[in-house]
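What follows is the content of model07.tsv, which has TSV, C-alpha atoms:
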```tsv
chain	number	residue	atom	x	y	z
A	1	MET	CA	172.75	-93.73	-52.61
A	2	ALA	CA	171.73	-90.67	-50.61
A	3	SER	CA	175.22	-89.30	-51.13
A	4	GLN	CA	174.80	-89.56	-54.93
A	5	GLU	CA	171.51	-87.63	-54.71
A	6	GLN	CA	173.17	-85.02	-52.53
A	7	GLN	CA	176.04	-84.69	-55.00
A	8	GLN	CA	173.56	-84.16	-57.84
A	9	LYS	CA	171.65	-81.62	-55.80
A	10	LEU	CA	174.92	-79.85	-54.96
A	11	GLN	CA	175.82	-79.73	-58.66
A	12	ALA	CA	172.38	-78.35	-59.54
A	13	LEU	CA	172.66	-75.69	-56.83
A	14	SER	CA	176.14	-74.77	-58.03
A	15	ASP	CA	174.89	-74.44	-61.60
A	16	GLU	CA	172.00	-72.23	-60.46
A	17	TYR	CA	174.42	-70.09	-58.46
A	18	GLN	CA	176.72	-69.70	-61.48
A	19	ASP	CA	173.72	-68.72	-63.64
A	20	LEU	CA	172.72	-66.09	-61.09
A	21	GLN	CA	176.26	-64.71	-61.01
A	22	SER	CA	176.34	-64.51	-64.80
A	23	GLU	CA	172.95	-62.77	-64.87
A	24	LEU	CA	174.14	-60.37	-62.19
A	25	GLN	CA	177.24	-59.50	-64.22
A	26	ASN	CA	175.10	-58.77	-67.30
A	27	ILE	CA	172.76	-56.54	-65.33
A	28	VAL	CA	175.65	-54.66	-63.68
A	29	THR	CA	177.08	-54.04	-67.16
A	30	ALA	CA	173.71	-52.68	-68.30
A	31	ARG	CA	173.62	-50.46	-65.21
A	32	GLN	CA	177.06	-49.06	-66.04
A	33	LYS	CA	175.94	-48.33	-69.61
A	34	LEU	CA	172.90	-46.45	-68.28
A	35	ASP	CA	175.15	-44.47	-65.95
A	36	SER	CA	177.28	-43.45	-68.89
A	37	GLN	CA	174.23	-42.40	-70.92
A	38	PHE	CA	172.88	-40.50	-67.92
A	39	GLN	CA	176.12	-38.55	-67.52
A	40	GLU	CA	176.23	-37.73	-71.24
A	41	ASN	CA	172.68	-36.42	-71.20
A	42	LYS	CA	173.31	-34.46	-67.99
A	43	SER	CA	176.23	-32.74	-69.75
A	44	VAL	CA	174.00	-31.87	-72.71
A	45	GLN	CA	171.31	-30.58	-70.34
A	46	LYS	CA	173.89	-28.39	-68.62
A	47	GLU	CA	175.05	-27.03	-71.98
A	48	PHE	CA	171.47	-26.29	-72.98
A	49	SER	CA	170.87	-24.35	-69.77
A	50	SER	CA	173.68	-21.95	-70.69
A	51	LEU	CA	172.26	-21.28	-74.18
A	52	SER	CA	169.93	-18.43	-75.03
A	53	ASP	CA	166.44	-19.28	-76.28
A	54	ASP	CA	167.29	-18.17	-79.81
A	55	ALA	CA	170.47	-20.26	-80.03
A	56	ASN	CA	170.88	-22.60	-82.96
A	57	ILE	CA	170.96	-26.29	-82.08
A	58	TYR	CA	171.87	-28.95	-84.60
A	59	LYS	CA	171.29	-32.67	-84.40
A	60	LEU	CA	173.60	-35.12	-86.15
A	61	VAL	CA	171.56	-37.52	-88.27
A	62	GLY	CA	173.88	-39.80	-90.16
A	63	PRO	CA	176.38	-37.56	-91.97
A	64	VAL	CA	174.05	-34.51	-91.89
A	65	LEU	CA	173.50	-31.79	-89.29
A	66	LEU	CA	169.83	-30.83	-89.03
A	67	LYS	CA	168.65	-27.68	-87.30
A	68	GLN	CA	166.46	-28.46	-84.31
A	69	ASP	CA	164.08	-26.33	-82.28
A	70	THR	CA	165.68	-25.34	-78.95
A	71	ALA	CA	162.60	-26.18	-76.86
A	72	GLU	CA	162.22	-29.53	-78.62
A	73	ALA	CA	165.88	-30.40	-78.07
A	74	LYS	CA	165.68	-29.51	-74.38
A	75	SER	CA	162.47	-31.49	-74.00
A	76	THR	CA	164.03	-34.52	-75.70
A	77	VAL	CA	167.04	-34.49	-73.36
A	78	ASP	CA	164.80	-34.03	-70.29
A	79	GLY	CA	162.67	-36.97	-71.42
A	80	ARG	CA	165.74	-39.11	-71.99
A	81	LEU	CA	167.04	-38.32	-68.51
A	82	GLU	CA	163.69	-39.23	-66.96
A	83	TYR	CA	163.61	-42.53	-68.85
A	84	ILE	CA	167.19	-43.39	-67.91
A	85	GLU	CA	166.51	-42.65	-64.22
A	86	LYS	CA	163.53	-45.04	-64.29
A	87	GLU	CA	165.61	-47.72	-65.98
A	88	ILE	CA	168.40	-47.31	-63.42
A	89	LYS	CA	165.89	-47.73	-60.59
A	90	ARG	CA	164.40	-50.83	-62.25
A	91	ILE	CA	167.82	-52.38	-62.80
A	92	GLU	CA	168.91	-51.64	-59.23
A	93	GLU	CA	165.84	-53.55	-58.02
A	94	GLN	CA	166.84	-56.46	-60.27
A	95	ILE	CA	170.38	-56.36	-58.90
A	96	THR	CA	169.08	-56.47	-55.33
A	97	GLY	CA	166.79	-59.39	-56.15
A	98	ILE	CA	169.53	-61.41	-57.82
A	99	GLN	CA	171.96	-60.70	-54.98
A	100	GLN	CA	169.38	-61.99	-52.50
A	101	LYS	CA	168.78	-65.14	-54.58
A	102	SER	CA	172.54	-65.66	-54.87
A	103	GLU	CA	173.03	-65.40	-51.13
A	104	THR	CA	170.22	-67.91	-50.57
A	105	LYS	CA	171.77	-70.35	-53.07
A	106	LYS	CA	175.20	-69.89	-51.53
A	107	LEU	CA	173.79	-70.70	-48.10
A	108	GLU	CA	172.06	-73.81	-49.47
A	109	ILE	CA	175.34	-74.92	-51.08
A	110	TYR	CA	177.28	-74.45	-47.84
A	111	GLN	CA	174.66	-76.35	-45.86
A	112	LEU	CA	174.66	-79.24	-48.32
A	113	GLN	CA	178.47	-79.33	-48.43
A	114	SER	CA	178.50	-79.43	-44.65
A	115	GLN	CA	176.04	-82.34	-44.64
A	116	LEU	CA	178.14	-84.21	-47.20
A	117	GLN	CA	181.32	-83.70	-45.18
A	118	GLN	CA	179.63	-84.88	-41.98
A	119	GLY	CA	178.26	-87.93	-43.79
A	120	GLN	CA	181.74	-88.84	-45.05
A	121	PRO	CA	184.16	-88.43	-42.15
A	122	GLY	CA	187.14	-89.64	-44.22
A	123	ALA	CA	186.57	-87.12	-47.02
A	124	ALA	CA	188.75	-84.01	-47.11
```
For the structure just supplied, provide its representation as C-alpha cells.
Amino acid sequence: MASQEQQQKLQALSDEYQDLQSELQNIVTARQKLDSQFQENKSVQKEFSSLSDDANIYKLVGPVLLKQDTAEAKSTVDGRLEYIEKEIKRIEEQITGIQQKSETKKLEIYQLQSQLQQGQPGAA
C-alpha cells in the first residue's frame, strides 16, 4: 500500500520535473531570441554612431521607406537596447529560479527512488 503511494508520488514528482524542464527550454529559447535582438540593435547603434547629425535615416514601414529624424532614430534604438537588457536580466533570474526548482525536484526523485529500492530488495 505504501509502495503504491510512493509510486504515485514518484510519478507526480517526475511529471513536475518534466514540466520544469519544458518551461526552462522555453525560457532559454526566449533568452536566445533576446540576445539576437540585442546584437541587431547594437549593430544599428554602432552604425548610427558613425553617421553625421544631418544624415538621412529611413525606416521601413511595410513596403515603404519613411524618412526619420536622426535623433529620434538613435533614441528609439537606445530605448530598445535598454528594454532588451532589462528583459534579459529578468529572464536570467527566471532561468536561475527554474534551475533551482529542478535540482530540488531531482533530489526528491532520487531520494524517493532510493527509498523504493530499499523497500523492495528484490527489485532491480
Can you pull out every residue within 12 Å of stretch 80-94 of chain A, counting only C-alpha atoms, but drop anything in the same chain fewer than 6 positions away, and send it as a PDB file with C-alpha atoms, in the frame of the given file?
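Output contents, as saved in result_7.pdb:
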```
ATOM      1  CA  LEU A  20     172.720 -66.090 -61.090  1.00  0.00           C
ATOM      2  CA  GLU A  23     172.950 -62.770 -64.870  1.00  0.00           C
ATOM      3  CA  LEU A  24     174.140 -60.370 -62.190  1.00  0.00           C
ATOM      4  CA  GLN A  25     177.240 -59.500 -64.220  1.00  0.00           C
ATOM      5  CA  ASN A  26     175.100 -58.770 -67.300  1.00  0.00           C
ATOM      6  CA  ILE A  27     172.760 -56.540 -65.330  1.00  0.00           C
ATOM      7  CA  VAL A  28     175.650 -54.660 -63.680  1.00  0.00           C
ATOM      8  CA  THR A  29     177.080 -54.040 -67.160  1.00  0.00           C
ATOM      9  CA  ALA A  30     173.710 -52.680 -68.300  1.00  0.00           C
ATOM     10  CA  ARG A  31     173.620 -50.460 -65.210  1.00  0.00           C
ATOM     11  CA  GLN A  32     177.060 -49.060 -66.040  1.00  0.00           C
ATOM     12  CA  LYS A  33     175.940 -48.330 -69.610  1.00  0.00           C
ATOM     13  CA  LEU A  34     172.900 -46.450 -68.280  1.00  0.00           C
ATOM     14  CA  ASP A  35     175.150 -44.470 -65.950  1.00  0.00           C
ATOM     15  CA  SER A  36     177.280 -43.450 -68.890  1.00  0.00           C
ATOM     16  CA  GLN A  37     174.230 -42.400 -70.920  1.00  0.00           C
ATOM     17  CA  PHE A  38     172.880 -40.500 -67.920  1.00  0.00           C
ATOM     18  CA  GLN A  39     176.120 -38.550 -67.520  1.00  0.00           C
ATOM     19  CA  GLU A  40     176.230 -37.730 -71.240  1.00  0.00           C
ATOM     20  CA  ASN A  41     172.680 -36.420 -71.200  1.00  0.00           C
ATOM     21  CA  LYS A  42     173.310 -34.460 -67.990  1.00  0.00           C
ATOM     22  CA  SER A  43     176.230 -32.740 -69.750  1.00  0.00           C
ATOM     23  CA  VAL A  44     174.000 -31.870 -72.710  1.00  0.00           C
ATOM     24  CA  GLN A  45     171.310 -30.580 -70.340  1.00  0.00           C
ATOM     25  CA  ALA A  73     165.880 -30.400 -78.070  1.00  0.00           C
ATOM     26  CA  LYS A  74     165.680 -29.510 -74.380  1.00  0.00           C
ATOM     27  CA  GLN A 100     169.380 -61.990 -52.500  1.00  0.00           C
ATOM     28  CA  LYS A 101     168.780 -65.140 -54.580  1.00  0.00           C
TER      29      LYS A 101
END
```
Q | Residue among A:Ser49, A:Glu103, A:Gly119, A:Ser114 lying closest to A:Val77, counting all atoms listed in the file | A | A:Ser49
Taking all atoms of stretch 24-39 of chain A that the file lists, what box with edges along x, y and z, padded by 6 Å per side, do you get, with centre and edge lengths in Å to one decimal, as AutoDock Vina command-line options?
```
--center_x 175.0 --center_y -49.5 --center_z -66.6 --size_x 16.5 --size_y 33.8 --size_z 20.7
```
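Rounded to one decimal, atom CA of A:Asp15 and atom CA of A:Gln99 lie 15.5 Å from each other.
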Q | Separation of atom CA of A:Asp54 from atom CA of A:Lys67 in Å | A | 12.2 Å
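Taking all atoms listed in the file into account, A:Gly97 lies nearest to A:Gln21 out of the set A:Gln113, A:Thr70, A:Gln21, A:Gln118.
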(Q) Using Å and a single decimal, report how far atom CA of A:Leu10 sits from atom CA of A:Gln111. (A) 9.8 Å
